[in-house]
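The structure file entry-v7.cif is reproduced below (mmCIF, C-alpha atoms).
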data_data
#
loop_
_atom_site.group_PDB
_atom_site.id
_atom_site.type_symbol
_atom_site.label_atom_id
_atom_site.label_comp_id
_atom_site.auth_asym_id
_atom_site.auth_seq_id
_atom_site.Cartn_x
_atom_site.Cartn_y
_atom_site.Cartn_z
ATOM 1 C CA MET Z 1 2.066 -127.262 -13.821
ATOM 2 C CA GLU Z 2 4.885 -125.082 -12.508
ATOM 3 C CA ILE Z 3 3.319 -125.119 -9.046
ATOM 4 C CA LEU Z 4 3.237 -128.924 -9.144
ATOM 5 C CA ILE Z 5 6.950 -129.097 -10.026
ATOM 6 C CA VAL Z 6 7.840 -126.632 -7.257
ATOM 7 C CA GLY Z 7 5.675 -128.626 -4.812
ATOM 8 C CA ILE Z 8 7.354 -131.920 -5.722
ATOM 9 C CA ALA Z 9 10.801 -130.335 -5.385
ATOM 10 C CA LEU Z 10 9.850 -128.900 -1.999
ATOM 11 C CA VAL Z 11 8.588 -132.279 -0.737
ATOM 12 C CA ALA Z 12 11.770 -133.994 -1.966
ATOM 13 C CA LEU Z 13 13.893 -131.383 -0.182
ATOM 14 C CA MET Z 14 11.906 -131.848 3.042
ATOM 15 C CA VAL Z 15 12.344 -135.640 2.896
ATOM 16 C CA PHE Z 16 16.087 -135.230 2.302
ATOM 17 C CA VAL Z 17 16.531 -132.782 5.206
ATOM 18 C CA SER Z 18 14.387 -134.926 7.513
ATOM 19 C CA THR Z 19 16.511 -138.002 6.746
ATOM 20 C CA LYS Z 20 19.733 -136.070 7.437
ATOM 21 C CA ILE Z 21 18.378 -134.812 10.771
ATOM 22 C CA LYS Z 22 17.330 -138.323 11.835
ATOM 23 C CA LYS Z 23 20.753 -139.755 10.942
ATOM 24 C CA SER Z 24 22.512 -136.955 12.799
ATOM 25 C CA ALA Z 25 20.354 -137.447 15.900
ATOM 26 C CA ALA Z 26 20.937 -141.210 15.857
ATOM 27 C CA SER Z 27 24.712 -140.762 15.557
ATOM 28 C CA ALA Z 28 24.724 -138.644 18.740
ATOM 29 C CA PHE Z 29 23.956 -141.842 20.701
ATOM 30 C CA GLU Z 30 26.755 -143.918 19.126
ATOM 31 C CA ARG Z 31 29.927 -144.926 20.995
ATOM 32 C CA GLU Z 32 32.476 -142.112 20.939
ATOM 33 C CA VAL Z 33 36.002 -141.495 22.215
ATOM 34 C CA ILE Z 34 36.191 -138.094 23.902
ATOM 35 C CA ASP Z 35 39.798 -136.896 23.835
ATOM 36 C CA LYS Z 36 40.379 -133.594 25.655
ATOM 37 C CA LYS Z 37 43.686 -131.904 26.451
ATOM 38 C CA ASP Z 38 43.907 -133.408 29.942
ATOM 39 C CA PHE Z 39 41.680 -136.513 29.897
ATOM 40 C CA THR Z 40 40.244 -139.245 27.677
ATOM 41 C CA ILE Z 41 36.984 -141.120 28.138
ATOM 42 C CA ILE Z 42 34.728 -143.358 26.061
ATOM 43 C CA LYS Z 43 31.075 -142.403 25.861
ATOM 44 C CA PRO Z 44 29.330 -145.745 25.409
ATOM 45 C CA GLU Z 45 26.584 -146.402 22.895
ATOM 46 C CA GLY Z 46 23.158 -145.269 24.075
ATOM 47 C CA LEU Z 47 24.392 -142.139 25.859
ATOM 48 C CA ILE Z 48 24.501 -138.592 24.555
ATOM 49 C CA ASN Z 49 27.203 -136.023 25.322
ATOM 50 C CA PRO Z 50 25.399 -132.664 25.111
ATOM 51 C CA LEU Z 51 27.359 -129.659 23.931
ATOM 52 C CA ASN Z 52 26.839 -127.167 26.737
ATOM 53 C CA GLU Z 53 29.551 -124.547 27.046
ATOM 54 C CA ASN Z 54 27.982 -123.147 30.241
ATOM 55 C CA SER Z 55 28.080 -126.485 32.060
ATOM 56 C CA GLU Z 56 29.930 -126.817 35.347
ATOM 57 C CA PHE Z 57 31.169 -130.206 34.136
ATOM 58 C CA ALA Z 58 34.188 -130.957 31.934
ATOM 59 C CA PHE Z 59 32.225 -133.920 30.557
ATOM 60 C CA GLU Z 60 28.664 -135.122 30.907
ATOM 61 C CA ALA Z 61 26.584 -137.826 29.296
ATOM 62 C CA TYR Z 62 23.229 -139.412 29.902
ATOM 63 C CA SER Z 63 20.926 -142.051 28.492
ATOM 64 C CA LYS Z 64 17.948 -141.108 26.367
ATOM 65 C CA GLU Z 65 15.803 -143.524 28.373
ATOM 66 C CA PHE Z 66 14.225 -142.548 31.667
ATOM 67 C CA GLY Z 67 13.158 -144.691 34.585
ATOM 68 C CA LYS Z 68 9.622 -145.860 35.159
ATOM 69 C CA ASN Z 69 7.015 -145.030 37.816
ATOM 70 C CA ASP Z 70 8.627 -142.982 40.629
ATOM 71 C CA ALA Z 71 11.883 -142.719 38.622
ATOM 72 C CA GLU Z 72 10.354 -141.314 35.430
ATOM 73 C CA GLU Z 73 12.135 -137.965 35.818
ATOM 74 C CA PHE Z 74 15.596 -139.566 36.082
ATOM 75 C CA ASN Z 75 17.780 -140.823 33.244
ATOM 76 C CA GLN Z 76 18.529 -144.533 33.547
ATOM 77 C CA MET Z 77 22.259 -143.665 33.470
ATOM 78 C CA SER Z 78 24.179 -140.401 33.708
ATOM 79 C CA ALA Z 79 27.820 -139.395 34.076
ATOM 80 C CA HIS Z 80 29.490 -136.155 35.134
ATOM 81 C CA LEU Z 81 33.142 -135.168 35.367
ATOM 82 C CA LYS Z 82 34.196 -132.318 37.634
ATOM 83 C CA ILE Z 83 37.695 -130.894 37.719
ATOM 84 C CA ILE Z 84 38.551 -129.682 41.209
ATOM 85 C CA SER Z 85 41.538 -127.516 42.039
ATOM 86 C CA GLN Z 86 40.681 -126.161 45.499
ATOM 87 C CA ALA Z 87 40.425 -129.347 47.582
ATOM 88 C CA SER Z 88 42.657 -132.188 48.646
ATOM 89 C CA PHE Z 89 42.318 -135.730 47.335
ATOM 90 C CA GLU Z 90 41.400 -137.007 50.805
ATOM 91 C CA GLU Z 91 38.777 -134.278 51.310
ATOM 92 C CA THR Z 92 37.228 -135.004 47.915
ATOM 93 C CA CYS Z 93 37.006 -138.723 48.705
ATOM 94 C CA GLU Z 94 35.459 -138.068 52.139
ATOM 95 C CA ASN Z 95 32.859 -135.663 50.706
ATOM 96 C CA THR Z 96 32.030 -138.227 48.042
ATOM 97 C CA LYS Z 97 31.420 -140.921 50.648
ATOM 98 C CA LYS Z 98 29.144 -138.570 52.614
ATOM 99 C CA SER Z 99 26.920 -138.099 49.558
ATOM 100 C CA VAL Z 100 25.583 -141.679 49.689
ATOM 101 C CA SER Z 101 23.698 -143.577 52.360
ATOM 102 C CA GLU Z 102 25.672 -146.809 51.894
ATOM 103 C CA ILE Z 103 29.280 -147.381 50.800
ATOM 104 C CA LEU Z 104 29.517 -150.655 48.874
ATOM 105 C CA SER Z 105 33.258 -150.591 48.183
ATOM 106 C CA GLU Z 106 36.307 -148.366 48.155
ATOM 107 C CA ASN Z 107 39.661 -148.975 46.524
ATOM 108 C CA VAL Z 108 42.584 -146.524 46.587
ATOM 109 C CA SER Z 109 45.723 -146.964 44.484
ATOM 110 C CA LYS Z 110 48.696 -145.037 43.120
ATOM 111 C CA ASN Z 111 49.823 -145.173 39.523
ATOM 112 C CA LYS Z 112 52.274 -143.044 37.495
ATOM 113 C CA GLY Z 113 52.085 -139.855 39.563
ATOM 114 C CA GLN Z 114 48.376 -140.209 40.236
ATOM 115 C CA ASN Z 115 46.292 -141.187 43.228
ATOM 116 C CA ILE Z 116 43.138 -143.043 42.171
ATOM 117 C CA SER Z 117 40.079 -143.867 44.257
ATOM 118 C CA LEU Z 118 37.122 -145.988 43.154
ATOM 119 C CA ILE Z 119 34.091 -145.590 45.404
ATOM 120 C CA GLU Z 120 30.807 -147.448 44.939
ATOM 121 C CA GLY Z 121 27.723 -146.411 46.854
ATOM 122 C CA ARG Z 122 23.980 -146.488 47.002
ATOM 123 C CA LYS Z 123 21.393 -143.917 47.992
ATOM 124 C CA SER Z 124 17.692 -143.347 47.643
ATOM 125 C CA GLU Z 125 15.830 -140.181 46.821
ATOM 126 C CA ASN Z 126 12.035 -140.009 46.958
ATOM 127 C CA GLU Z 127 11.904 -143.814 47.132
ATOM 128 C CA VAL Z 128 14.067 -144.152 43.994
ATOM 129 C CA GLN Z 129 17.225 -146.269 44.412
ATOM 130 C CA PHE Z 130 20.471 -145.097 42.772
ATOM 131 C CA PHE Z 131 23.788 -146.890 42.340
ATOM 132 C CA SER Z 132 26.740 -144.498 42.052
ATOM 133 C CA ILE Z 133 30.365 -145.108 41.297
ATOM 134 C CA TRP Z 134 33.123 -142.536 41.336
ATOM 135 C CA LYS Z 135 36.571 -142.619 39.851
ATOM 136 C CA ILE Z 136 38.561 -139.879 41.517
ATOM 137 C CA VAL Z 137 42.009 -139.156 40.095
ATOM 138 C CA LYS Z 138 44.513 -136.770 41.629
ATOM 139 C CA SER Z 139 47.038 -135.680 39.030
ATOM 140 C CA ILE Z 140 50.169 -134.597 40.847
ATOM 141 C CA GLU Z 141 51.558 -133.128 37.614
ATOM 142 C CA ARG Z 142 48.452 -131.041 36.859
ATOM 143 C CA GLN Z 143 47.709 -130.221 40.517
ATOM 144 C CA LYS Z 144 44.033 -131.055 39.959
ATOM 145 C CA ILE Z 145 41.505 -133.660 40.984
ATOM 146 C CA TYR Z 146 39.241 -135.257 38.379
ATOM 147 C CA GLN Z 147 36.011 -136.638 39.834
ATOM 148 C CA LEU Z 148 33.983 -138.825 37.469
ATOM 149 C CA GLN Z 149 30.600 -139.871 38.852
ATOM 150 C CA VAL Z 150 28.419 -142.402 37.053
ATOM 151 C CA VAL Z 151 24.874 -142.880 38.368
ATOM 152 C CA VAL Z 152 22.541 -145.694 37.331
ATOM 153 C CA LEU Z 153 19.011 -146.280 38.521
ATOM 154 C CA GLU Z 154 19.294 -149.443 40.632
ATOM 155 C CA ASN Z 155 16.623 -151.231 38.563
ATOM 156 C CA TYR Z 156 18.765 -150.771 35.416
ATOM 157 C CA ARG Z 157 22.174 -151.541 36.922
ATOM 158 C CA GLU Z 158 22.559 -154.911 35.201
ATOM 159 C CA GLU Z 159 21.437 -153.501 31.843
ATOM 160 C CA TYR Z 160 24.090 -150.751 31.973
ATOM 161 C CA ALA Z 161 26.888 -152.778 33.627
ATOM 162 C CA LYS Z 162 29.053 -153.172 30.499
ATOM 163 C CA ARG Z 163 28.668 -149.529 29.470
ATOM 164 C CA LEU Z 164 29.437 -148.331 32.993
ATOM 165 C CA SER Z 165 32.525 -150.537 33.123
ATOM 166 C CA GLU Z 166 33.720 -149.362 29.703
ATOM 167 C CA MET Z 167 33.360 -145.722 30.724
ATOM 168 C CA LEU Z 168 35.221 -146.160 34.021
ATOM 169 C CA GLU Z 169 38.040 -148.222 32.534
ATOM 170 C CA SER Z 170 38.513 -145.806 29.643
ATOM 171 C CA PHE Z 171 38.663 -142.686 31.812
ATOM 172 C CA THR Z 172 42.293 -141.615 32.071
ATOM 173 C CA VAL Z 173 43.945 -138.370 33.037
ATOM 174 C CA LYS Z 174 46.879 -137.453 30.823
#
Take the structure in this file and express it as structure tokens.
Amino acid sequence: MEILIVGIALVALMVFVSTKIKKSAASAFEREVIDKKDFTIIKPEGLINPLNENSEFAFEAYSKEFGKNDAEEFNQMSAHLKIISQASFEETCENTKKSVSEILSENVSKNKGQNISLIEGRKSENEVQFFSIWKIVKSIERQKIYQLQVVVLENYREEYAKRLSEMLESFTVK
């Protein structure tokens, strides 16, 4: 009888822990405002922001879904933010443009002590088409360049359009 009671208690504990883990995992993919000391960005719903202290990126996020067929090893959407202190704004923009096979648009502006460039491009890798957009911000005050790159598999561009837009619009350097 005592074994039965212990067994029931153990099963109940396992169900409780399992439910907590599932809820925690699901919440990792919810919309989240990331507020760091020098930038703010919204991570849209459906993306995860992994905690990786050894990452070369100040921020990264990616979808849990992968592409299909030739694109099955690529996330449908991913985002990476690099902070650059050893290059000029112009050099960073030129290197960015060289990383794609086709430039779709480029817009440069100045706002409150910052130079901002939005670059849209397309490239293919192993017959997989990618749409990339960069928001490059030069903070004159901080003497740094913040390069946010968002990549979407071309076949999923429409599906991720609102999330991509929300992420780009929300990204600000303090």
For this session: Report the residues retrieved by the PyMOL selection byres ((chain Z and resi 35) around 12) from the displayed file, expressed as a ChimeraX atom specification.
Result: /Z:32-34,36-43,58-59,170-174
Restricted to C-alpha atoms, what would the selected residues look like written as an mmCIF file, keeping the file's coordinate frame?
data_model
loop_
_atom_site.group_PDB
_atom_site.id
_atom_site.type_symbol
_atom_site.label_atom_id
_atom_site.label_comp_id
_atom_site.auth_asym_id
_atom_site.auth_seq_id
_atom_site.Cartn_x
_atom_site.Cartn_y
_atom_site.Cartn_z
ATOM 1 C CA GLU Z 32 32.476 -142.112 20.939
ATOM 2 C CA VAL Z 33 36.002 -141.495 22.215
ATOM 3 C CA ILE Z 34 36.191 -138.094 23.902
ATOM 4 C CA LYS Z 36 40.379 -133.594 25.655
ATOM 5 C CA LYS Z 37 43.686 -131.904 26.451
ATOM 6 C CA ASP Z 38 43.907 -133.408 29.942
ATOM 7 C CA PHE Z 39 41.680 -136.513 29.897
ATOM 8 C CA THR Z 40 40.244 -139.245 27.677
ATOM 9 C CA ILE Z 41 36.984 -141.120 28.138
ATOM 10 C CA ILE Z 42 34.728 -143.358 26.061
ATOM 11 C CA LYS Z 43 31.075 -142.403 25.861
ATOM 12 C CA ALA Z 58 34.188 -130.957 31.934
ATOM 13 C CA PHE Z 59 32.225 -133.920 30.557
ATOM 14 C CA SER Z 170 38.513 -145.806 29.643
ATOM 15 C CA PHE Z 171 38.663 -142.686 31.812
ATOM 16 C CA THR Z 172 42.293 -141.615 32.071
ATOM 17 C CA VAL Z 173 43.945 -138.370 33.037
ATOM 18 C CA LYS Z 174 46.879 -137.453 30.823
#
For this session: Might you pull out every residue within 8 Å of Z:Ala79, with all atoms listed in the file counted and same-chain residues fewer than 2 positions away left off, and present them as a list in words?
Result: Phe59, Glu60, Ala61, Tyr62, Met77, Leu81, Leu148, Gln149, Val150 and Val151 of chain Z
Exercise. Distance atom CA of Z:Leu51-atom CA of Z:Ser63, one decimal place?
Worked result: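 Computing the Euclidean distance for atom CA of Z:Leu51 and atom CA of Z:Ser63 yields 14.7 Å.
For the residues Z:Ser105, Z:Ser139, Z:Asn126, Z:Ser78, ranking by smallest atom-to-atom distance to Z:Pro44 using only C-alpha atoms places Z:Ser78 first.
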Problem set entry | Counting only C-alpha atoms, the option among Z:Arg31, Z:Lys98, Z:Lys138, Z:Lys123 closest to Z:Ile84 |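 So, comparing all the options, the nearest one is Z:Lys138.
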Exercise. Can you list, as a list in words, every protein, DNA or RNA residue that comes within 10 Å of Z:Lys112 when you count all atoms listed in the file, leaving out same-chain residues fewer than 3 positions away?
Worked result: Asn115, Ser139, Ile140 and Glu141 of chain Z
